[in-house]
$ cat my_file_5.cif   # mmCIF, C-alpha atoms
data_input
#
loop_
_atom_site.group_PDB
_atom_site.id
_atom_site.type_symbol
_atom_site.label_atom_id
_atom_site.label_comp_id
_atom_site.auth_asym_id
_atom_site.auth_seq_id
_atom_site.Cartn_x
_atom_site.Cartn_y
_atom_site.Cartn_z
ATOM 1 C CA LEU O 132 143.297 62.296 93.734
ATOM 2 C CA GLU O 133 141.901 65.111 95.870
ATOM 3 C CA GLN O 134 145.437 66.210 96.795
ATOM 4 C CA LEU O 135 146.370 66.408 93.107
ATOM 5 C CA ALA O 136 143.274 68.441 92.317
ATOM 6 C CA GLU O 137 143.951 70.827 95.181
ATOM 7 C CA SER O 138 147.520 71.353 93.974
ATOM 8 C CA GLY O 139 146.240 72.476 90.562
ATOM 9 C CA ALA O 140 148.535 69.995 88.808
ATOM 10 C CA GLY O 141 146.007 69.357 86.057
ATOM 11 C CA GLU O 142 145.393 73.000 85.207
ATOM 12 C CA ALA O 143 147.970 72.969 82.396
ATOM 13 C CA PHE O 144 145.980 70.268 80.648
ATOM 14 C CA VAL O 145 142.986 72.556 80.374
ATOM 15 C CA THR O 146 144.547 76.012 80.145
ATOM 16 C CA ASP O 147 147.397 75.374 77.713
ATOM 17 C CA ARG O 148 145.143 74.276 74.845
ATOM 18 C CA GLY O 149 143.124 76.585 72.643
ATOM 19 C CA SER O 150 142.489 80.205 73.360
ATOM 20 C CA GLY O 151 140.049 82.314 75.306
ATOM 21 C CA SER O 152 136.446 81.236 75.149
ATOM 22 C CA GLU O 153 137.311 77.987 73.324
ATOM 23 C CA THR O 154 139.434 76.887 76.285
ATOM 24 C CA ALA O 155 136.754 77.860 78.787
ATOM 25 C CA SER O 156 134.111 76.041 76.750
ATOM 26 C CA ASN O 157 136.246 72.903 76.458
ATOM 27 C CA SER O 158 137.031 72.996 80.162
ATOM 28 C CA GLU O 159 133.343 73.300 81.065
ATOM 29 C CA PHE O 160 132.458 70.446 78.714
ATOM 30 C CA VAL O 161 135.146 68.163 80.183
ATOM 31 C CA GLN O 162 134.107 69.015 83.742
ATOM 32 C CA LYS O 163 130.436 68.345 82.949
ATOM 33 C CA MET O 164 131.290 65.072 81.212
ATOM 34 C CA LEU O 165 133.506 63.903 84.078
ATOM 35 C CA SER O 166 130.865 64.824 86.656
ATOM 36 C CA GLN O 167 128.454 62.398 85.001
ATOM 37 C CA LEU O 168 130.819 59.426 85.227
ATOM 38 C CA PRO O 169 130.969 57.005 88.141
ATOM 39 C CA GLU O 170 133.705 57.987 90.595
ATOM 40 C CA ASN O 171 135.998 55.074 89.712
ATOM 41 C CA TYR O 172 135.875 55.987 86.004
ATOM 42 C CA ARG O 173 136.336 59.680 86.726
ATOM 43 C CA ASP O 174 139.353 58.938 88.926
ATOM 44 C CA ILE O 175 141.176 56.643 86.520
ATOM 45 C CA LEU O 176 140.589 58.948 83.534
ATOM 46 C CA THR O 177 141.764 61.979 85.478
ATOM 47 C CA LEU O 178 144.874 60.231 86.749
ATOM 48 C CA ARG O 179 145.797 58.929 83.302
ATOM 49 C CA GLU O 180 144.665 61.643 80.901
ATOM 50 C CA VAL O 181 145.034 64.797 83.002
ATOM 51 C CA TYR O 182 147.926 63.987 85.315
ATOM 52 C CA GLY O 183 149.688 61.587 82.933
ATOM 53 C CA PHE O 184 150.311 58.699 85.300
ATOM 54 C CA SER O 185 151.627 55.558 83.623
ATOM 55 C CA TYR O 186 149.705 52.296 83.662
ATOM 56 C CA GLU O 187 152.256 50.964 86.150
ATOM 57 C CA ASP O 188 151.701 53.977 88.422
ATOM 58 C CA LEU O 189 147.956 53.400 88.227
ATOM 59 C CA THR O 190 148.364 49.788 89.375
ATOM 60 C CA THR O 191 149.933 51.081 92.581
ATOM 61 C CA ILE O 192 147.676 54.094 93.116
ATOM 62 C CA LEU O 193 144.449 52.170 92.506
ATOM 63 C CA SER O 194 145.560 48.779 93.849
ATOM 64 C CA LEU O 195 144.662 47.066 90.578
ATOM 65 C CA SER O 196 146.494 44.594 88.380
ATOM 66 C CA LEU O 197 147.813 45.838 85.053
ATOM 67 C CA ASP O 198 144.970 44.008 83.296
ATOM 68 C CA GLY O 199 142.534 45.619 85.750
ATOM 69 C CA VAL O 200 143.868 49.088 84.918
ATOM 70 C CA LYS O 201 143.611 48.431 81.180
ATOM 71 C CA SER O 202 140.094 47.037 81.525
ATOM 72 C CA GLN O 203 138.852 49.873 83.730
ATOM 73 C CA LEU O 204 140.382 52.497 81.412
ATOM 74 C CA ARG O 205 138.725 50.872 78.414
ATOM 75 C CA ARG O 206 135.344 50.905 80.161
ATOM 76 C CA ALA O 207 135.846 54.453 81.451
ATOM 77 C CA ARG O 208 136.757 55.750 77.991
ATOM 78 C CA ALA O 209 133.747 54.032 76.433
ATOM 79 C CA ARG O 210 131.416 55.508 79.061
ATOM 80 C CA ALA O 211 133.017 58.955 78.673
ATOM 81 C CA GLU O 212 132.422 58.749 74.928
ATOM 82 C CA GLU O 213 128.750 57.881 75.496
ATOM 83 C CA VAL O 214 128.335 60.774 77.936
ATOM 84 C CA ALA O 215 130.108 63.185 75.568
ATOM 85 C CA ARG O 216 127.845 62.183 72.674
ATOM 86 C CA HIS O 217 124.792 62.682 74.867
ATOM 87 C CA LEU O 218 125.992 66.138 75.963
ATOM 88 C CA MET O 219 126.547 67.222 72.350
ATOM 89 C CA GLU O 220 122.986 66.343 71.281
#
$ encode --input "my_file_5.cif" --output "structure tokens"
Amino acid sequence: LEQLAESGAGEAFVTDRGSGSETASNSEFVQKMLSQLPENYRDILTLREVYGFSYEDLTTILSLSLDGVKSQLRRARARAEEVARHLME
């Protein structure tokens, strides 16, 4: 995951949407939200949602079963939603 981040591969996800200050604001919000998640949730969400890895790829990268990937993604998304709601209050 660190190698992907260093390569800047996820930059398009953040910079290609919106314009100007809206993009910067969204990027800051996403970074703040991700920073408040446990590392395993942050990693799986980043790999899936930012870098676009398939569920099958995630099974290999994270050494999880397909059901494990689905379960962890479900939990990570639920936690991310809770954190996002808290940040918007």
$ residues_near_point --input "my_file_5.cif" --point "(138.2, 53.6, 78.2)" --cutoff "12 Å" --atoms "all atoms listed in the file" --output "ChimeraX atom specification"
/O:168,171-173,175-177,179-180,199-213
$ atom_distance --input "my_file_5.cif" --atom1 "CA of Ser185 (chain O)" --atom2 "CA of Leu197 (chain O)"
10.5 Å
$ atom_distance --input "my_file_5.cif" --atom1 "CA of Arg216 (chain O)" --atom2 "CA of Phe160 (chain O)"
11.2 Å
$ atom_distance --input "my_file_5.cif" --atom1 "CA of Ile192 (chain O)" --atom2 "CA of Asp174 (chain O)"
10.5 Å
$ closest_residue --input "my_file_5.cif" --among "O:Val214, O:Glu187, O:Met219, O:Tyr182" --to "Gln167 (chain O)" --atoms "all atoms listed in the file"
O:Val214
$ closest_residue --input "my_file_5.cif" --among "O:Leu189, O:Leu178, O:Leu195, O:Ala215" --to "Gln162 (chain O)" --atoms "only C-alpha atoms"
O:Ala215
$ decode --input "my_file_5.cif" --residues "region 201-215 of chain O" --atoms "all heavy atoms" --output "PDB file, in the first residue's frame"
ATOM      1  N   LYS O 201     -15.131  -9.342   1.545  1.00  0.00           N
ATOM      2  CA  LYS O 201     -16.470  -8.738   1.526  1.00  0.00           C
ATOM      3  C   LYS O 201     -16.876  -8.261   2.916  1.00  0.00           C
ATOM      4  O   LYS O 201     -17.409  -7.161   3.081  1.00  0.00           O
ATOM      5  CB  LYS O 201     -17.497  -9.734   1.001  1.00  0.00           C
ATOM      6  CG  LYS O 201     -17.346 -10.032  -0.473  1.00  0.00           C
ATOM      7  CD  LYS O 201     -18.349 -11.087  -0.918  1.00  0.00           C
ATOM      8  CE  LYS O 201     -18.212 -11.427  -2.379  1.00  0.00           C
ATOM      9  NZ  LYS O 201     -19.163 -12.468  -2.800  1.00  0.00           N
ATOM     10  N   SER O 202     -16.608  -9.079   3.918  1.00  0.00           N
ATOM     11  CA  SER O 202     -16.963  -8.742   5.292  1.00  0.00           C
ATOM     12  C   SER O 202     -16.174  -7.524   5.778  1.00  0.00           C
ATOM     13  O   SER O 202     -16.742  -6.597   6.372  1.00  0.00           O
ATOM     14  CB  SER O 202     -16.701  -9.945   6.192  1.00  0.00           C
ATOM     15  OG  SER O 202     -16.960  -9.641   7.530  1.00  0.00           O
ATOM     16  N   GLN O 203     -14.869  -7.520   5.522  1.00  0.00           N
ATOM     17  CA  GLN O 203     -14.046  -6.406   5.988  1.00  0.00           C
ATOM     18  C   GLN O 203     -14.420  -5.117   5.257  1.00  0.00           C
ATOM     19  O   GLN O 203     -14.457  -4.046   5.869  1.00  0.00           O
ATOM     20  CB  GLN O 203     -12.569  -6.719   5.797  1.00  0.00           C
ATOM     21  CG  GLN O 203     -11.687  -5.726   6.510  1.00  0.00           C
ATOM     22  CD  GLN O 203     -10.257  -6.189   6.639  1.00  0.00           C
ATOM     23  OE1 GLN O 203      -9.939  -7.349   6.450  1.00  0.00           O
ATOM     24  NE2 GLN O 203      -9.376  -5.270   6.956  1.00  0.00           N
ATOM     25  N   LEU O 204     -14.724  -5.195   3.965  1.00  0.00           N
ATOM     26  CA  LEU O 204     -15.161  -4.007   3.231  1.00  0.00           C
ATOM     27  C   LEU O 204     -16.475  -3.470   3.777  1.00  0.00           C
ATOM     28  O   LEU O 204     -16.653  -2.262   3.925  1.00  0.00           O
ATOM     29  CB  LEU O 204     -15.307  -4.311   1.740  1.00  0.00           C
ATOM     30  CG  LEU O 204     -14.082  -4.064   0.883  1.00  0.00           C
ATOM     31  CD1 LEU O 204     -14.288  -4.608  -0.525  1.00  0.00           C
ATOM     32  CD2 LEU O 204     -13.723  -2.593   0.839  1.00  0.00           C
ATOM     33  N   ARG O 205     -17.387  -4.374   4.090  1.00  0.00           N
ATOM     34  CA  ARG O 205     -18.679  -3.956   4.644  1.00  0.00           C
ATOM     35  C   ARG O 205     -18.473  -3.225   5.968  1.00  0.00           C
ATOM     36  O   ARG O 205     -19.040  -2.157   6.207  1.00  0.00           O
ATOM     37  CB  ARG O 205     -19.588  -5.176   4.810  1.00  0.00           C
ATOM     38  CG  ARG O 205     -20.994  -4.871   5.260  1.00  0.00           C
ATOM     39  CD  ARG O 205     -21.930  -6.085   5.252  1.00  0.00           C
ATOM     40  NE  ARG O 205     -21.336  -7.329   5.705  1.00  0.00           N
ATOM     41  CZ  ARG O 205     -20.963  -8.352   4.897  1.00  0.00           C
ATOM     42  NH1 ARG O 205     -21.135  -8.262   3.603  1.00  0.00           N
ATOM     43  NH2 ARG O 205     -20.432  -9.443   5.395  1.00  0.00           N
ATOM     44  N   ARG O 206     -17.634  -3.789   6.832  1.00  0.00           N
ATOM     45  CA  ARG O 206     -17.358  -3.153   8.123  1.00  0.00           C
ATOM     46  C   ARG O 206     -16.615  -1.832   7.950  1.00  0.00           C
ATOM     47  O   ARG O 206     -16.911  -0.849   8.639  1.00  0.00           O
ATOM     48  CB  ARG O 206     -16.541  -4.091   9.014  1.00  0.00           C
ATOM     49  CG  ARG O 206     -17.379  -5.203   9.597  1.00  0.00           C
ATOM     50  CD  ARG O 206     -16.586  -5.983  10.637  1.00  0.00           C
ATOM     51  NE  ARG O 206     -16.644  -7.385  10.236  1.00  0.00           N
ATOM     52  CZ  ARG O 206     -15.607  -8.173   9.980  1.00  0.00           C
ATOM     53  NH1 ARG O 206     -14.383  -7.716  10.123  1.00  0.00           N
ATOM     54  NH2 ARG O 206     -15.770  -9.406   9.605  1.00  0.00           N
ATOM     55  N   ALA O 207     -15.659  -1.812   7.026  1.00  0.00           N
ATOM     56  CA  ALA O 207     -14.884  -0.586   6.785  1.00  0.00           C
ATOM     57  C   ALA O 207     -15.771   0.525   6.244  1.00  0.00           C
ATOM     58  O   ALA O 207     -15.651   1.688   6.662  1.00  0.00           O
ATOM     59  CB  ALA O 207     -13.740  -0.875   5.812  1.00  0.00           C
ATOM     60  N   ARG O 208     -16.671   0.188   5.333  1.00  0.00           N
ATOM     61  CA  ARG O 208     -17.582   1.205   4.785  1.00  0.00           C
ATOM     62  C   ARG O 208     -18.532   1.731   5.857  1.00  0.00           C
ATOM     63  O   ARG O 208     -18.822   2.932   5.903  1.00  0.00           O
ATOM     64  CB  ARG O 208     -18.358   0.622   3.607  1.00  0.00           C
ATOM     65  CG  ARG O 208     -17.501   0.456   2.370  1.00  0.00           C
ATOM     66  CD  ARG O 208     -18.244  -0.242   1.264  1.00  0.00           C
ATOM     67  NE  ARG O 208     -17.429  -0.328   0.060  1.00  0.00           N
ATOM     68  CZ  ARG O 208     -17.461  -1.332  -0.786  1.00  0.00           C
ATOM     69  NH1 ARG O 208     -18.282  -2.348  -0.592  1.00  0.00           N
ATOM     70  NH2 ARG O 208     -16.682  -1.329  -1.854  1.00  0.00           N
ATOM     71  N   ALA O 209     -19.017   0.844   6.703  1.00  0.00           N
ATOM     72  CA  ALA O 209     -19.916   1.270   7.783  1.00  0.00           C
ATOM     73  C   ALA O 209     -19.184   2.197   8.749  1.00  0.00           C
ATOM     74  O   ALA O 209     -19.716   3.237   9.156  1.00  0.00           O
ATOM     75  CB  ALA O 209     -20.471   0.054   8.518  1.00  0.00           C
ATOM     76  N   ARG O 210     -17.954   1.848   9.101  1.00  0.00           N
ATOM     77  CA  ARG O 210     -17.176   2.696  10.014  1.00  0.00           C
ATOM     78  C   ARG O 210     -16.853   4.030   9.351  1.00  0.00           C
ATOM     79  O   ARG O 210     -16.930   5.080   9.983  1.00  0.00           O
ATOM     80  CB  ARG O 210     -15.893   1.984  10.424  1.00  0.00           C
ATOM     81  CG  ARG O 210     -14.978   2.783  11.332  1.00  0.00           C
ATOM     82  CD  ARG O 210     -15.477   2.927  12.768  1.00  0.00           C
ATOM     83  NE  ARG O 210     -15.583   1.664  13.433  1.00  0.00           N
ATOM     84  CZ  ARG O 210     -14.592   1.058  14.102  1.00  0.00           C
ATOM     85  NH1 ARG O 210     -13.410   1.651  14.195  1.00  0.00           N
ATOM     86  NH2 ARG O 210     -14.780  -0.102  14.662  1.00  0.00           N
ATOM     87  N   ALA O 211     -16.508   4.000   8.065  1.00  0.00           N
ATOM     88  CA  ALA O 211     -16.198   5.241   7.337  1.00  0.00           C
ATOM     89  C   ALA O 211     -17.422   6.156   7.310  1.00  0.00           C
ATOM     90  O   ALA O 211     -17.303   7.374   7.471  1.00  0.00           O
ATOM     91  CB  ALA O 211     -15.733   4.925   5.918  1.00  0.00           C
ATOM     92  N   GLU O 212     -18.590   5.564   7.154  1.00  0.00           N
ATOM     93  CA  GLU O 212     -19.824   6.356   7.152  1.00  0.00           C
ATOM     94  C   GLU O 212     -20.050   7.011   8.517  1.00  0.00           C
ATOM     95  O   GLU O 212     -20.420   8.181   8.593  1.00  0.00           O
ATOM     96  CB  GLU O 212     -21.007   5.460   6.785  1.00  0.00           C
ATOM     97  CG  GLU O 212     -22.283   6.206   6.531  1.00  0.00           C
ATOM     98  CD  GLU O 212     -23.397   5.287   6.045  1.00  0.00           C
ATOM     99  OE1 GLU O 212     -23.131   4.378   5.254  1.00  0.00           O
ATOM    100  OE2 GLU O 212     -24.536   5.503   6.500  1.00  0.00           O
ATOM    101  N   GLU O 213     -19.803   6.259   9.586  1.00  0.00           N
ATOM    102  CA  GLU O 213     -19.942   6.812  10.938  1.00  0.00           C
ATOM    103  C   GLU O 213     -18.974   7.975  11.145  1.00  0.00           C
ATOM    104  O   GLU O 213     -19.359   9.029  11.672  1.00  0.00           O
ATOM    105  CB  GLU O 213     -19.649   5.740  11.989  1.00  0.00           C
ATOM    106  CG  GLU O 213     -20.693   4.671  12.112  1.00  0.00           C
ATOM    107  CD  GLU O 213     -20.251   3.562  13.063  1.00  0.00           C
ATOM    108  OE1 GLU O 213     -19.316   3.788  13.869  1.00  0.00           O
ATOM    109  OE2 GLU O 213     -20.832   2.470  12.986  1.00  0.00           O
ATOM    110  N   VAL O 214     -17.730   7.783  10.746  1.00  0.00           N
ATOM    111  CA  VAL O 214     -16.707   8.818  10.904  1.00  0.00           C
ATOM    112  C   VAL O 214     -17.088  10.051  10.085  1.00  0.00           C
ATOM    113  O   VAL O 214     -16.994  11.186  10.569  1.00  0.00           O
ATOM    114  CB  VAL O 214     -15.312   8.292  10.515  1.00  0.00           C
ATOM    115  CG1 VAL O 214     -14.302   9.420  10.429  1.00  0.00           C
ATOM    116  CG2 VAL O 214     -14.855   7.223  11.494  1.00  0.00           C
ATOM    117  N   ALA O 215     -17.537   9.832   8.851  1.00  0.00           N
ATOM    118  CA  ALA O 215     -17.919  10.952   7.981  1.00  0.00           C
ATOM    119  C   ALA O 215     -19.077  11.749   8.596  1.00  0.00           C
ATOM    120  O   ALA O 215     -19.045  12.984   8.597  1.00  0.00           O
ATOM    121  CB  ALA O 215     -18.286  10.437   6.604  1.00  0.00           C
TER     122      ALA O 215
END
